[in-house]
$ cat my_file-v5.csv   # CSV, C-alpha atoms
chain,number,residue,atom,x,y,z
W,1,MET,CA,5.6,20.5,-8.3
W,2,ILE,CA,1.8,20.9,-8.8
W,3,ALA,CA,-0.2,19.0,-11.4
W,4,ASN,CA,-1.9,20.7,-14.2
W,5,THR,CA,-5.5,19.6,-13.3
W,6,GLU,CA,-6.7,19.6,-16.9
W,7,ARG,CA,-3.8,17.5,-18.2
W,8,SER,CA,-4.0,15.2,-15.2
W,9,LYS,CA,-7.6,14.5,-16.1
W,10,ALA,CA,-6.6,14.0,-19.7
W,11,CYS,CA,-4.1,11.4,-18.6
W,12,LEU,CA,-6.8,9.5,-16.6
W,13,ASP,CA,-9.0,9.5,-19.7
W,14,ARG,CA,-6.1,8.1,-21.8
W,15,ILE,CA,-5.3,5.2,-19.4
W,16,LYS,CA,-8.9,4.1,-18.9
W,17,PRO,CA,-8.8,1.6,-21.7
W,18,HIS,CA,-5.6,0.1,-20.3
W,19,LEU,CA,-7.1,-0.1,-16.8
W,20,LYS,CA,-10.2,-1.9,-18.2
W,21,GLN,CA,-7.9,-4.4,-19.8
W,22,VAL,CA,-6.1,-4.9,-16.5
W,23,GLU,CA,-9.3,-5.3,-14.6
W,24,ALA,CA,-10.6,-7.9,-17.1
W,25,ALA,CA,-7.2,-9.7,-16.9
W,26,ILE,CA,-7.4,-9.8,-13.1
W,27,LEU,CA,-10.8,-11.5,-13.2
W,28,GLU,CA,-9.6,-13.9,-15.8
W,29,GLN,CA,-6.8,-15.3,-13.6
W,30,ALA,CA,-9.3,-17.5,-11.7
W,31,ASN,CA,-9.5,-19.6,-14.9
W,32,ALA,CA,-5.8,-20.6,-14.5
W,33,PHE,CA,-6.6,-22.6,-11.4
W,34,ASP,CA,-8.2,-26.1,-11.0
W,35,PRO,CA,-12.0,-25.9,-11.1
W,36,ALA,CA,-12.0,-27.0,-7.4
W,37,VAL,CA,-10.1,-23.9,-6.5
W,38,SER,CA,-11.1,-21.3,-9.1
W,39,GLY,CA,-14.3,-20.3,-7.3
W,40,TYR,CA,-12.3,-19.3,-4.2
W,41,ILE,CA,-9.8,-17.3,-6.3
W,42,GLU,CA,-12.6,-15.6,-8.2
W,43,TYR,CA,-14.0,-14.4,-4.8
W,44,LEU,CA,-10.6,-12.9,-3.9
W,45,LEU,CA,-10.2,-11.2,-7.2
W,46,ASP,CA,-13.7,-9.8,-7.6
W,47,THR,CA,-13.4,-7.3,-4.8
W,48,GLY,CA,-12.5,-4.1,-6.7
W,49,GLY,CA,-10.0,-2.0,-5.0
W,50,LYS,CA,-8.1,1.2,-5.8
W,51,ARG,CA,-5.8,-0.6,-8.3
W,52,LEU,CA,-3.1,2.0,-7.4
W,53,ARG,CA,-0.2,-0.3,-8.6
W,54,PRO,CA,-1.6,-0.9,-12.1
W,55,ASN,CA,-2.4,2.9,-12.3
W,56,LEU,CA,1.2,3.6,-11.4
W,57,ALA,CA,2.7,1.1,-13.9
W,58,ILE,CA,0.5,2.4,-16.8
W,59,VAL,CA,1.0,6.1,-16.1
W,60,THR,CA,4.7,5.8,-15.5
W,61,GLY,CA,5.0,3.9,-18.8
W,62,GLY,CA,3.5,6.9,-20.6
W,63,ALA,CA,5.5,9.4,-18.6
W,64,VAL,CA,8.9,7.9,-19.5
W,65,GLY,CA,8.1,7.9,-23.2
W,66,GLY,CA,5.6,6.9,-25.8
W,67,GLU,CA,2.4,5.3,-24.8
W,68,PRO,CA,1.7,2.5,-22.2
W,69,ASN,CA,1.7,-1.0,-23.7
W,70,GLY,CA,1.0,-4.6,-22.9
W,71,GLU,CA,4.2,-5.0,-20.8
W,72,HIS,CA,3.0,-2.1,-18.5
W,73,ARG,CA,-0.4,-3.7,-18.2
W,74,ARG,CA,1.2,-7.1,-17.4
W,75,LEU,CA,3.4,-5.5,-14.7
W,76,GLY,CA,0.3,-3.8,-13.1
W,77,LEU,CA,-1.6,-7.1,-13.2
W,78,ILE,CA,1.1,-9.1,-11.5
W,79,LEU,CA,1.7,-6.5,-8.8
W,80,GLU,CA,-2.0,-6.3,-8.1
W,81,LEU,CA,-2.3,-10.1,-7.7
W,82,ILE,CA,0.7,-10.0,-5.3
W,83,HIS,CA,-1.0,-7.2,-3.4
W,84,ILE,CA,-4.3,-9.1,-3.1
W,85,ALA,CA,-2.4,-12.2,-1.9
W,86,THR,CA,-0.7,-10.1,0.8
W,87,LEU,CA,-4.1,-8.7,1.9
W,88,VAL,CA,-5.4,-12.3,2.4
W,89,HIS,CA,-2.5,-13.0,4.7
W,90,ASP,CA,-2.8,-9.7,6.5
W,91,ASP,CA,-6.4,-10.3,7.3
W,92,ILE,CA,-5.5,-13.7,8.8
W,93,MET,CA,-2.8,-12.2,11.0
W,94,ASP,CA,-5.0,-9.2,12.0
W,95,GLY,CA,-8.2,-11.3,12.6
W,96,ALA,CA,-10.0,-8.9,10.2
W,97,LEU,CA,-13.6,-9.9,9.3
W,98,MET,CA,-14.3,-7.4,6.5
W,99,ARG,CA,-12.3,-6.2,3.5
W,100,ARG,CA,-13.9,-3.9,0.9
W,101,GLN,CA,-17.3,-4.4,2.6
W,102,ILE,CA,-17.4,-8.2,2.2
W,103,PRO,CA,-16.2,-11.0,4.5
W,104,THR,CA,-12.5,-11.7,4.3
W,105,ALA,CA,-11.3,-15.1,3.1
W,106,SER,CA,-10.4,-16.2,6.6
W,107,ALA,CA,-13.8,-15.1,8.0
W,108,LYS,CA,-15.6,-16.9,5.2
W,109,TRP,CA,-13.6,-20.2,4.9
W,110,GLY,CA,-11.3,-20.3,7.9
W,111,GLN,CA,-7.6,-19.5,8.4
W,112,SER,CA,-6.2,-22.7,7.0
W,113,LEU,CA,-7.8,-22.4,3.6
W,114,ALA,CA,-7.2,-18.7,3.4
W,115,VAL,CA,-3.4,-19.2,4.0
W,116,LEU,CA,-3.4,-21.7,1.1
W,117,LEU,CA,-5.4,-19.4,-1.2
W,118,GLY,CA,-3.0,-16.5,-0.5
W,119,ASP,CA,0.0,-18.8,-1.3
W,120,ALA,CA,-1.6,-20.1,-4.5
W,121,LEU,CA,-2.3,-16.5,-5.7
W,122,PHE,CA,1.2,-15.4,-4.8
W,123,ALA,CA,2.7,-18.3,-6.7
W,124,HIS,CA,0.5,-17.7,-9.7
W,125,ALA,CA,1.5,-14.1,-9.9
W,126,LEU,CA,5.2,-15.0,-9.8
W,127,GLN,CA,4.7,-17.6,-12.5
W,128,LEU,CA,3.3,-14.8,-14.8
W,129,THR,CA,6.6,-12.9,-14.5
W,130,SER,CA,8.2,-15.5,-16.9
W,131,GLU,CA,6.3,-13.8,-19.8
W,132,PHE,CA,8.5,-10.7,-19.7
W,133,GLU,CA,11.1,-10.4,-22.4
W,134,ASP,CA,13.5,-8.6,-20.1
W,135,SER,CA,14.7,-10.9,-17.3
W,136,ALA,CA,15.4,-7.8,-15.1
W,137,ILE,CA,11.7,-7.2,-14.6
W,138,PRO,CA,11.0,-10.6,-13.0
W,139,ARG,CA,14.0,-10.1,-10.8
W,140,LEU,CA,12.7,-6.7,-9.7
W,141,ILE,CA,9.2,-8.1,-9.0
W,142,THR,CA,10.5,-11.1,-7.0
W,143,GLN,CA,12.8,-8.8,-5.0
W,144,ALA,CA,9.9,-6.6,-4.2
W,145,SER,CA,7.8,-9.6,-3.1
W,146,LYS,CA,10.6,-10.7,-0.9
W,147,ASP,CA,10.8,-7.2,0.6
W,148,VAL,CA,7.1,-7.3,1.3
W,149,CYS,CA,7.3,-10.6,3.2
W,150,THR,CA,10.4,-9.4,5.1
W,151,GLY,CA,8.7,-6.2,6.1
W,152,GLU,CA,5.7,-8.2,7.4
W,153,ILE,CA,8.0,-10.5,9.3
W,154,ILE,CA,9.9,-7.7,11.0
W,155,GLN,CA,6.7,-5.9,11.9
W,156,THR,CA,5.4,-9.2,13.4
W,157,GLN,CA,8.7,-9.6,15.4
W,158,ARG,CA,8.4,-6.1,16.7
W,159,ARG,CA,4.8,-6.2,17.9
W,160,PHE,CA,4.4,-4.8,21.4
W,161,ASP,CA,8.0,-3.6,21.2
W,162,LEU,CA,8.0,-0.2,22.9
W,163,ASN,CA,11.5,0.5,21.6
W,164,LEU,CA,10.3,0.7,18.0
W,165,SER,CA,11.7,3.9,16.7
W,166,LYS,CA,10.4,6.1,13.9
W,167,LYS,CA,13.4,4.9,11.8
W,168,ASP,CA,12.3,1.3,12.4
W,169,TYR,CA,8.8,2.1,11.4
W,170,PHE,CA,9.8,3.7,8.2
W,171,LYS,CA,12.0,0.7,7.3
W,172,ILE,CA,9.0,-1.6,7.8
W,173,ILE,CA,6.5,0.3,5.8
W,174,GLU,CA,9.0,1.0,3.0
W,175,MET,CA,9.4,-2.8,2.7
W,176,LYS,CA,5.8,-3.9,3.2
W,177,THR,CA,4.0,-1.2,1.2
W,178,GLY,CA,6.6,1.0,-0.6
W,179,ALA,CA,8.3,-2.0,-2.3
W,180,LEU,CA,5.3,-2.8,-4.6
W,181,PHE,CA,4.7,0.9,-5.4
W,182,ALA,CA,8.4,1.2,-6.3
W,183,ALA,CA,8.3,-2.0,-8.4
W,184,ALA,CA,5.4,-0.5,-10.4
W,185,THR,CA,7.2,2.7,-11.2
W,186,GLU,CA,10.7,1.4,-11.6
W,187,GLY,CA,9.6,-1.6,-13.6
W,188,ALA,CA,7.5,0.6,-15.9
W,189,ALA,CA,10.4,2.9,-16.4
W,190,ARG,CA,12.8,0.0,-17.3
W,191,ILE,CA,10.2,-1.3,-19.8
W,192,SER,CA,10.1,2.0,-21.6
W,193,SER,CA,13.7,3.3,-21.2
W,194,ASP,CA,17.3,2.3,-20.8
W,195,ASP,CA,18.1,5.3,-18.7
W,196,PRO,CA,19.1,3.9,-15.2
W,197,SER,CA,18.9,7.3,-13.5
W,198,MET,CA,15.4,7.8,-14.7
W,199,ALA,CA,14.4,4.4,-13.4
W,200,GLU,CA,16.0,5.2,-10.0
W,201,ASN,CA,14.2,8.5,-9.7
W,202,LEU,CA,10.9,6.8,-10.5
W,203,ARG,CA,11.7,4.0,-8.0
W,204,ASP,CA,12.2,6.7,-5.4
W,205,TYR,CA,8.9,8.4,-6.4
W,206,GLY,CA,7.0,5.1,-6.0
W,207,MET,CA,8.7,4.2,-2.7
W,208,LYS,CA,7.9,7.6,-1.2
W,209,LEU,CA,4.3,7.5,-2.5
W,210,GLY,CA,3.8,4.1,-1.0
W,211,THR,CA,5.3,5.2,2.3
W,212,ALA,CA,3.0,8.2,2.5
W,213,TYR,CA,0.0,6.0,1.6
W,214,GLN,CA,0.9,3.6,4.4
W,215,ILE,CA,1.1,6.4,7.0
W,216,TYR,CA,-2.4,7.5,5.8
W,217,ASP,CA,-3.7,3.9,6.1
W,218,ASP,CA,-2.2,3.5,9.6
W,219,SER,CA,-3.9,6.8,10.7
W,220,LEU,CA,-7.1,5.6,9.2
W,221,ASP,CA,-7.0,2.5,11.4
W,222,LEU,CA,-7.2,4.8,14.4
W,223,LEU,CA,-9.6,7.4,13.0
W,224,GLY,CA,-11.6,5.8,10.3
W,225,ASN,CA,-15.2,4.7,10.1
W,226,GLU,CA,-15.5,1.0,9.2
W,227,ALA,CA,-18.6,1.6,7.0
W,228,ASP,CA,-16.7,4.2,5.0
W,229,ALA,CA,-13.4,2.3,4.9
W,230,GLY,CA,-15.1,-1.0,4.0
W,231,LYS,CA,-12.8,-3.0,6.2
W,232,THR,CA,-12.1,-3.9,9.8
W,233,LEU,CA,-10.4,-1.1,11.6
W,234,GLY,CA,-8.7,-0.7,15.0
W,235,THR,CA,-6.7,-3.9,14.6
W,236,ASP,CA,-3.2,-2.4,14.7
W,237,LEU,CA,-3.1,-1.5,18.4
W,238,GLU,CA,-5.0,-4.6,19.3
W,239,LYS,CA,-2.4,-6.7,17.6
W,240,GLY,CA,0.5,-4.7,19.0
W,241,LYS,CA,1.5,-2.9,15.8
W,242,LEU,CA,3.0,0.4,16.9
W,243,THR,CA,2.3,2.7,14.0
W,244,LEU,CA,3.6,6.2,13.5
W,245,PRO,CA,0.8,8.0,15.4
W,246,VAL,CA,1.4,5.8,18.5
W,247,ILE,CA,5.2,6.2,18.2
W,248,HIS,CA,4.6,10.0,18.2
W,249,LEU,CA,2.3,9.6,21.1
W,250,ILE,CA,4.9,7.7,23.1
W,251,GLU,CA,7.7,10.1,22.2
W,252,GLN,CA,5.8,13.2,23.4
W,253,ALA,CA,4.2,11.8,26.5
W,254,THR,CA,5.5,12.7,30.0
W,255,GLU,CA,7.2,9.9,31.9
W,256,THR,CA,4.0,9.3,33.9
W,257,GLN,CA,1.9,9.1,30.7
W,258,LYS,CA,4.5,6.9,29.0
W,259,THR,CA,4.5,4.5,31.9
W,260,LYS,CA,0.7,4.3,31.8
W,261,LEU,CA,0.7,3.8,28.0
W,262,ASN,CA,3.4,1.3,28.1
W,263,LYS,CA,1.6,-0.7,30.7
W,264,LEU,CA,-1.6,-0.8,28.7
W,265,ILE,CA,0.3,-1.9,25.5
W,266,ILE,CA,2.4,-4.6,27.2
W,267,ASN,CA,-0.7,-5.9,29.0
W,268,ARG,CA,-2.5,-5.9,25.7
W,269,GLU,CA,-5.5,-4.1,27.1
W,270,PRO,CA,-8.1,-2.7,24.7
W,271,LEU,CA,-7.1,0.8,23.6
W,272,ASP,CA,-9.5,3.2,21.9
W,273,THR,CA,-9.2,6.9,20.9
W,274,GLY,CA,-10.8,7.9,24.2
W,275,ILE,CA,-8.2,6.2,26.3
W,276,LEU,CA,-5.4,7.5,24.1
W,277,ALA,CA,-6.7,11.0,24.3
W,278,GLY,CA,-6.8,10.8,28.1
W,279,ILE,CA,-3.1,9.8,28.3
W,280,ALA,CA,-1.4,12.4,26.1
W,281,ASP,CA,-1.8,14.7,23.1
W,282,TYR,CA,-3.5,12.2,20.8
W,283,GLU,CA,-4.6,14.8,18.3
W,284,GLY,CA,-1.1,16.2,18.1
W,285,ALA,CA,0.4,12.8,17.5
W,286,ILE,CA,-2.0,12.2,14.6
W,287,GLU,CA,-1.3,15.6,13.1
W,288,ARG,CA,2.4,15.0,13.3
W,289,SER,CA,2.0,11.7,11.5
W,290,LEU,CA,0.0,13.3,8.7
W,291,GLN,CA,2.6,16.1,8.4
W,292,ASP,CA,5.2,13.4,8.0
W,293,ALA,CA,3.1,11.9,5.2
W,294,ARG,CA,2.8,15.3,3.5
W,295,SER,CA,6.6,15.8,3.7
W,296,VAL,CA,7.2,12.5,2.1
W,297,LEU,CA,4.8,13.3,-0.7
W,298,ARG,CA,6.7,16.5,-1.4
W,299,GLU,CA,9.9,14.5,-1.7
W,300,ALA,CA,8.0,12.1,-4.1
W,301,THR,CA,7.0,14.8,-6.5
W,302,ASP,CA,10.5,16.2,-6.5
W,303,CYS,CA,11.6,12.9,-8.0
W,304,LEU,CA,9.6,13.7,-11.1
W,305,ALA,CA,11.6,16.9,-12.0
W,306,GLY,CA,13.5,15.1,-14.8
W,307,LEU,CA,10.5,13.9,-16.7
W,308,ALA,CA,9.3,15.6,-19.9
W,309,ASP,CA,6.3,18.0,-19.4
W,310,THR,CA,3.5,15.7,-20.6
W,311,PRO,CA,0.0,14.8,-19.4
W,312,TYR,CA,1.4,11.5,-18.0
W,313,ARG,CA,3.8,13.4,-15.8
W,314,ASP,CA,0.8,15.4,-14.6
W,315,GLY,CA,-0.9,12.1,-14.0
W,316,LEU,CA,1.9,11.0,-11.6
W,317,LEU,CA,1.7,14.3,-9.9
W,318,GLY,CA,-2.1,13.9,-9.7
W,319,ILE,CA,-1.7,10.5,-8.0
W,320,ALA,CA,0.5,12.1,-5.4
W,321,GLU,CA,-2.1,14.8,-4.9
W,322,HIS,CA,-4.8,12.2,-4.6
W,323,VAL,CA,-2.9,10.6,-1.8
W,324,GLU,CA,-2.4,14.0,-0.1
W,325,THR,CA,-6.2,14.5,-0.3
W,326,LEU,CA,-6.6,11.2,1.5
W,327,VAL,CA,-4.1,12.3,4.1
W,328,ASP,CA,-6.0,15.6,4.5
W,329,SER,CA,-9.3,13.7,5.0
W,330,CYS,CA,-8.0,12.1,8.2
W,331,GLN,CA,-9.6,14.1,11.0
W,332,VAL,CA,-9.6,13.4,14.7
W,333,SER,CA,-13.2,12.9,15.7
W,334,SER,CA,-14.6,14.0,19.0
W,335,TYR,CA,-13.9,11.5,21.8
$ encode --input "my_file-v5.csv" --output "structure tokens"
Amino acid sequence: MIANTERSKACLDRIKPHLKQVEAAILEQANAFDPAVSGYIEYLLDTGGKRLRPNLAIVTGGAVGGEPNGEHRRLGLILELIHIATLVHDDIMDGALMRRQIPTASAKWGQSLAVLLGDALFAHALQLTSEFEDSAIPRLITQASKDVCTGEIIQTQRRFDLNLSKKDYFKIIEMKTGALFAAATEGAARISSDDPSMAENLRDYGMKLGTAYQIYDDSLDLLGNEADAGKTLGTDLEKGKLTLPVIHLIEQATETQKTKLNKLIINREPLDTGILAGIADYEGAIERSLQDARSVLREATDCLAGLADTPYRDGLLGIAEHVETLVDSCQVSSY
């Protein structure tokens, strides 16, 4: 399925007022904290971001039927707060110094305070779920939050694990990234419709979209420019996270290359693109990963076949095409 560009743009115009309300609500959340803490929380929230989860919740609400409403905005707000909280914790574990071109909370105030700030924001987001009329939505959000934490735990357990398979990797990223995307689309569908099959299809769309996005992000960690990305890159390999490009690299390497690569990873020696390129077909491993992302995106758009032909459906297709554009932008630079 290919988005009608004109209608996809019309959808974006229609959701702008909703996104502005969500953005304002995000910034207002600092006021819910004690004055001694609110300044720190405000710093975390005032960092912009792509707001993909609120976008998904709002556009899905329109695609399922009618117009997006306050429940969809609330869903997007809560999922974005949870996402921000997870980023605070990610930066601590990865030792990242920059996020969205400003110092991370751990770089600015130290790890101990950053952990507590992430916890506080996480707890506040879950508290907001009590405002939904349908109790199924809080359950969906809390399950997704649990999945995110579980995915991060499994990934941490499997650091420097050379037996990590492609199947293992997909399980991890579906939990740590796909879960919140799926919660946005499934939750929005359940708010607007009683059709369980539609909610399931949209959950699958969100899960696959988030999975493809994480493959892109993992490739960016190897290929990206920190000034353009606005965050610390190159931390995955340094911390022993074997992402899809590296899994492909290990799979396609000769026994001699694999032995050398395994030794470098196990000894936790610094690895850059030049070293990787000298061991095996680094460029081929990256391209295979990006092809996997494109394949998952095609599966995601197939999940939208049952939706009515509206600008909001084209908006969901447009979001998938935007992620594909990001995937296509990943290029192996000269080494």
$ residues_near_point --input "my_file-v5.csv" --point "(-13.6, -13.7, 6.6)" --cutoff "10 Å" --atoms "all atoms listed in the file" --output "ChimeraX atom specification"
/W:88,91-92,95-99,102-111,114
$ atom_distance --input "my_file-v5.csv" --atom1 "atom CA of Phe181 of chain W" --atom2 "atom CA of Asn55 of chain W"
10.1 Å
$ residues_around --input "my_file-v5.csv" --residues "segment 57-72 of chain W" --least-positions-apart "6" --cutoff "9 Å" --atoms "only C-alpha atoms" --output "PyMOL selection string"
chain W and resi 11-12+15+18-19+132-133+181+183-193+198-199+202+307-316
$ atom_distance --input "my_file-v5.csv" --atom1 "atom CA of Lys176 of chain W" --atom2 "atom CA of Gln214 of chain W"
9.0 Å
$ closest_residue --input "my_file-v5.csv" --among "W:Cys149, W:Val22, W:Ile78, W:Leu242" --to "Gln127 of chain W" --atoms "all atoms listed in the file"
W:Ile78
$ residues_around --input "my_file-v5.csv" --residues "segment 288-291 of chain W" --least-positions-apart "3" --cutoff "6 Å" --atoms "all atoms listed in the file" --output "VMD selection string"
chain W and resid 245 285 294
$ atom_distance --input "my_file-v5.csv" --atom1 "atom CA of Ala85 of chain W" --atom2 "atom CA of Gly118 of chain W"
4.6 Å
$ residues_around --input "my_file-v5.csv" --residues "Tyr169 of chain W" --least-positions-apart "5" --cutoff "9 Å" --atoms "all atoms listed in the file" --output "ChimeraX atom specification"
/W:155,164,174,242-244,247
$ residues_around --input "my_file-v5.csv" --residues "segment 120-123 of chain W" --least-positions-apart "4" --cutoff "8 Å" --atoms "only C-alpha atoms" --output "PyMOL selection string"
chain W and resi 41+81-82+85-86+116+127
$ closest_residue --input "my_file-v5.csv" --among "W:Asp147, W:Asp204, W:Glu131, W:Glu23" --to "Glu299 of chain W" --atoms "only C-alpha atoms"
W:Asp204
$ residues_around --input "my_file-v5.csv" --residues "Asp302 of chain W" --least-positions-apart "6" --cutoff "10 Å" --atoms "only C-alpha atoms" --output "number ranges by chain"
W: 1, 201, 204-205, 296, 317
$ closest_residue --input "my_file-v5.csv" --among "W:Leu220, W:Thr259, W:Leu117, W:Arg51" --to "Leu180 of chain W" --atoms "only C-alpha atoms"
W:Arg51
$ closest_residue --input "my_file-v5.csv" --among "W:Gln143, W:Thr177, W:Val37, W:Arg73" --to "Leu113 of chain W" --atoms "all atoms listed in the file"
W:Val37
$ closest_residue --input "my_file-v5.csv" --among "W:Ala36, W:Leu249, W:Ala293, W:Ile26" --to "Leu326 of chain W" --atoms "only C-alpha atoms"
W:Ala293
